[in-house]
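A quick write-up on the structure given underneath.
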Amino acid sequence: MRKGEQTKEYILQKAAQLFNERGYYGASMSDIMAVTGMEKGGIYNHFKSKDDLAVQAYEYAVDLMRQKFAAAIKGKYHAVDRLQAVVVVFREITDGSPLTGGCPVVNTAVHTSHTHPRLHASAQETMIEWQDFIRRLAQLGIDRQQLKPDTDVEMLTTLLISTLEGAIMLTQLHQDDSYMDRAIAHLTDYLQSLALPES
């Protein structure tokens, strides 16, 4: 990777963290300069504007999540194991992985609702991508006769995402991991209840 590319990635890494913690409007260019240790001109050598940086930083954060999902399901064949691995990725968000401050998708959606249509649309697109990802895992499990044939894929998808995102919010709000622990216990039982007995 060339020096210019390394510098750009460094800025994205720092900016993605800052935006995730403070939101688009809560993070000023002065804040971005402070966390990167760079002057405004140096940052604008790589990005057209704060808006351009925010959009690319969001995409950077989402790509980190994609990598975590891919690594989590790698080597797992059974649908329950793969779906449980997705649950674990969400659990790790409350531990600050890959970014502190919570889920970058929900944070972006909340921070930009009615104020930044481009970022808000990006968050919506990412959530649709995550829903499709979970649907595919579930449907493949049905096709492989790992999950019960009457499994409601839409119900499963909605329940996983809404329960986990809600648990992240409650955990952060109260600084109490028990909310996430209870959510995971419930989802673990739920996923096990959908599994067909091994023949």
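Every chain in the structure tokens has a letter given in the order shown (A, B, ...), and although residue numbers restart at 1 in each chain, ligands are simply numbered from 1 in the order shown.
Near His116 (chain A), within 12 Å and counting only C-alpha atoms, sit Gly23, Tyr24, Tyr25, Asp51, Ala54, Val55, Thr108, Ala109, Val110, His111, Thr112, His120, Ala121, Ser122 and Ala123 of chain A, not including residues fewer than 4 positions from it in the same chain.
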Got time to write the residues from that selection, C-alpha atoms, as a PDB file, in the first residue's frame?
```pdb
ATOM      1  CA  GLY A  23     -22.442  11.469  14.988  1.00  0.00           C
ATOM      2  CA  TYR A  24     -22.002  13.586  11.867  1.00  0.00           C
ATOM      3  CA  TYR A  25     -23.000  16.870  13.470  1.00  0.00           C
ATOM      4  CA  ASP A  51     -19.454  15.243   3.848  1.00  0.00           C
ATOM      5  CA  ALA A  54     -18.285  11.077   6.513  1.00  0.00           C
ATOM      6  CA  VAL A  55     -19.723   8.971   3.698  1.00  0.00           C
ATOM      7  CA  THR A 108     -25.810   6.644  11.533  1.00  0.00           C
ATOM      8  CA  ALA A 109     -29.531   6.099  10.998  1.00  0.00           C
ATOM      9  CA  VAL A 110     -30.405   7.893  14.244  1.00  0.00           C
ATOM     10  CA  HIS A 111     -27.882  10.730  13.851  1.00  0.00           C
ATOM     11  CA  THR A 112     -28.894  11.514  10.267  1.00  0.00           C
ATOM     12  CA  HIS A 120     -29.446   7.960   6.118  1.00  0.00           C
ATOM     13  CA  ALA A 121     -30.027   6.145   2.814  1.00  0.00           C
ATOM     14  CA  SER A 122     -26.656   4.408   3.191  1.00  0.00           C
ATOM     15  CA  ALA A 123     -27.653   3.156   6.643  1.00  0.00           C
TER      16      ALA A 123
END
```
Using only C-alpha atoms, which residues sit within 12 Å of Ile142 (chain A) once same-chain residues fewer than 4 positions away are excluded, as a PDB file with C-alpha atoms, in the first residue's frame?
```pdb
ATOM      1  CA  HIS A  78     -24.873 -25.839  10.272  1.00  0.00           C
ATOM      2  CA  ALA A  79     -27.344 -22.962  10.042  1.00  0.00           C
ATOM      3  CA  VAL A  80     -27.746 -22.676  13.810  1.00  0.00           C
ATOM      4  CA  ARG A 135     -32.344 -14.518   5.351  1.00  0.00           C
ATOM      5  CA  ARG A 136     -29.864 -16.382   3.145  1.00  0.00           C
ATOM      6  CA  LEU A 137     -28.313 -18.168   6.118  1.00  0.00           C
ATOM      7  CA  ALA A 138     -31.757 -19.227   7.330  1.00  0.00           C
ATOM      8  CA  GLN A 146     -30.957 -28.229   9.211  1.00  0.00           C
ATOM      9  CA  LEU A 147     -33.860 -25.957  10.181  1.00  0.00           C
ATOM     10  CA  LYS A 148     -37.528 -26.892  10.384  1.00  0.00           C
ATOM     11  CA  PRO A 149     -39.250 -26.495   7.009  1.00  0.00           C
ATOM     12  CA  ASP A 150     -41.917 -24.211   8.491  1.00  0.00           C
ATOM     13  CA  THR A 151     -39.315 -21.777   9.875  1.00  0.00           C
ATOM     14  CA  ASP A 152     -40.549 -18.227   9.266  1.00  0.00           C
ATOM     15  CA  VAL A 153     -37.462 -16.644   7.712  1.00  0.00           C
ATOM     16  CA  LEU A 194     -35.710 -24.205  15.019  1.00  0.00           C
ATOM     17  CA  ALA A 195     -33.103 -26.927  14.455  1.00  0.00           C
ATOM     18  CA  LEU A 196     -34.155 -30.282  13.062  1.00  0.00           C
TER      19      LEU A 196
END
```
Residues at most 10 Å from Arg91 (chain A), counting only C-alpha atoms, excluding those fewer than 5 positions away in the same chain, as a list in words? Ala85, Val86, Gly96, Ser97, Leu164, Glu165, Ala167, Ile168, Asp177, Met180, Asp181, Ala183 and Ile184 of chain A
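Here CA of Ser113 (chain A) stands at a distance of 21.7 Å from CA of Asp63 (chain A).
You can rank A:Ile11, A:Leu18, A:Leu170, A:Ile128 by their closest distance to Met38 (chain A) using only C-alpha atoms, and at the top of that list sits A:Ile11.
The smallest atom-to-atom distance between Glu21 (chain A) and any of A:Ala57, A:Val62, A:Val87, A:Leu99, using only C-alpha atoms, is found for A:Leu99.
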List every residue of region 41-151 of chain A that has an atom at most 10 Å from any atom of region 3-8 of chain A, giving for each one its closest atom pair and the distance in Å to one decimal, counting only C-alpha atoms, sorted by chain and then by ascending residue number, as CSV.
```
residue,atom,partner,partner_atom,distance
A:Gly42,CA,A:Thr7,CA,9.4
A:Ile43,CA,A:Lys8,CA,8.1
A:Asn45,CA,A:Lys8,CA,9.0
A:His46,CA,A:Lys8,CA,6.2
A:Phe47,CA,A:Lys8,CA,8.5
A:Leu53,CA,A:Lys8,CA,9.9
```
Write out the residues from the selection above, keeping all heavy atoms, as a short mmCIF file (atom, residue, chain, number, x, y, z; two decimals), in the first residue's frame.
```
data_model
loop_
_atom_site.label_atom_id
_atom_site.label_comp_id
_atom_site.auth_asym_id
_atom_site.auth_seq_id
_atom_site.Cartn_x
_atom_site.Cartn_y
_atom_site.Cartn_z
N GLY A 42 -4.30 18.80 4.84
CA GLY A 42 -3.84 17.43 4.67
C GLY A 42 -5.00 16.45 4.54
O GLY A 42 -4.94 15.50 3.75
N ILE A 43 -6.05 16.69 5.31
CA ILE A 43 -7.24 15.84 5.23
C ILE A 43 -7.94 16.03 3.88
O ILE A 43 -8.33 15.07 3.22
CB ILE A 43 -8.20 16.15 6.39
CG1 ILE A 43 -7.54 15.77 7.73
CG2 ILE A 43 -9.53 15.39 6.22
CD1 ILE A 43 -8.27 16.25 8.95
N ASN A 45 -6.67 16.81 1.17
CA ASN A 45 -5.92 16.22 0.06
C ASN A 45 -6.51 14.88 -0.35
O ASN A 45 -6.31 14.42 -1.48
CB ASN A 45 -4.44 16.00 0.44
CG ASN A 45 -3.63 17.27 0.35
OD1 ASN A 45 -3.99 18.20 -0.37
ND2 ASN A 45 -2.53 17.33 1.08
N HIS A 46 -7.21 14.25 0.59
CA HIS A 46 -7.76 12.91 0.36
C HIS A 46 -9.29 12.89 0.25
O HIS A 46 -9.85 11.91 -0.26
CB HIS A 46 -7.32 11.98 1.49
CG HIS A 46 -5.84 11.85 1.62
ND1 HIS A 46 -5.10 10.99 0.84
CD2 HIS A 46 -4.95 12.49 2.43
CE1 HIS A 46 -3.82 11.09 1.16
NE2 HIS A 46 -3.69 11.99 2.12
N PHE A 47 -9.94 13.93 0.73
CA PHE A 47 -11.41 13.99 0.72
C PHE A 47 -11.86 15.38 0.28
O PHE A 47 -11.26 16.38 0.64
CB PHE A 47 -11.95 13.67 2.12
CG PHE A 47 -11.48 12.35 2.65
CD1 PHE A 47 -10.35 12.28 3.47
CD2 PHE A 47 -12.13 11.18 2.31
CE1 PHE A 47 -9.89 11.07 3.94
CE2 PHE A 47 -11.68 9.96 2.78
CZ PHE A 47 -10.55 9.90 3.59
N LEU A 53 -15.88 12.80 3.48
CA LEU A 53 -15.18 12.01 4.50
C LEU A 53 -16.18 11.18 5.31
O LEU A 53 -15.94 9.99 5.58
CB LEU A 53 -14.38 12.92 5.43
CG LEU A 53 -13.73 12.27 6.66
CD1 LEU A 53 -12.82 11.12 6.26
CD2 LEU A 53 -12.97 13.32 7.46
#
```
Can you pull out every residue from region 10-135 of chain A that DSSP, working from the backbone, puts in alpha helix (DSSP H), and format the result as a count of residues only? 93
Excluding Glu129 (chain A) and any residue of its chain fewer than 2 positions from it, enumerate the residues within 12 Å of it, using only C-alpha atoms, and give them as an NGL selection string. :A and (62-63 or 65-66 or 69 or 105 or 122-127 or 131-136 or 157 or 161)
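If only C-alpha atoms are the atoms counted, then among A:Phe19, A:Tyr190, A:Tyr60, A:Tyr77 the closest residue to Gly102 (chain A) is A:Phe19.
The closest residue to Ala70 (chain A), picked from A:Met33, A:Gln56, A:His114, A:Trp130 and counting only C-alpha atoms, is A:Trp130.
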Compile the contact shell of Ile73 (chain A) as an MDAnalysis selection string: residues with an atom at most 9 Å away, counting only C-alpha atoms, same-chain residues fewer than 5 positions apart removed. chainID A and resid 68 81:86
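Minimum atom-to-atom distance to Thr94 (chain A), evaluated using only C-alpha atoms, belongs to A:Asp176 out of A:Asp189, A:Asp176, A:Glu198, A:Glu9.
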Between A:Gly26, A:Gly37, A:Gly166, A:Pro117, smallest distance to Tyr10 (chain A) by only C-alpha atoms belongs to A:Gly37
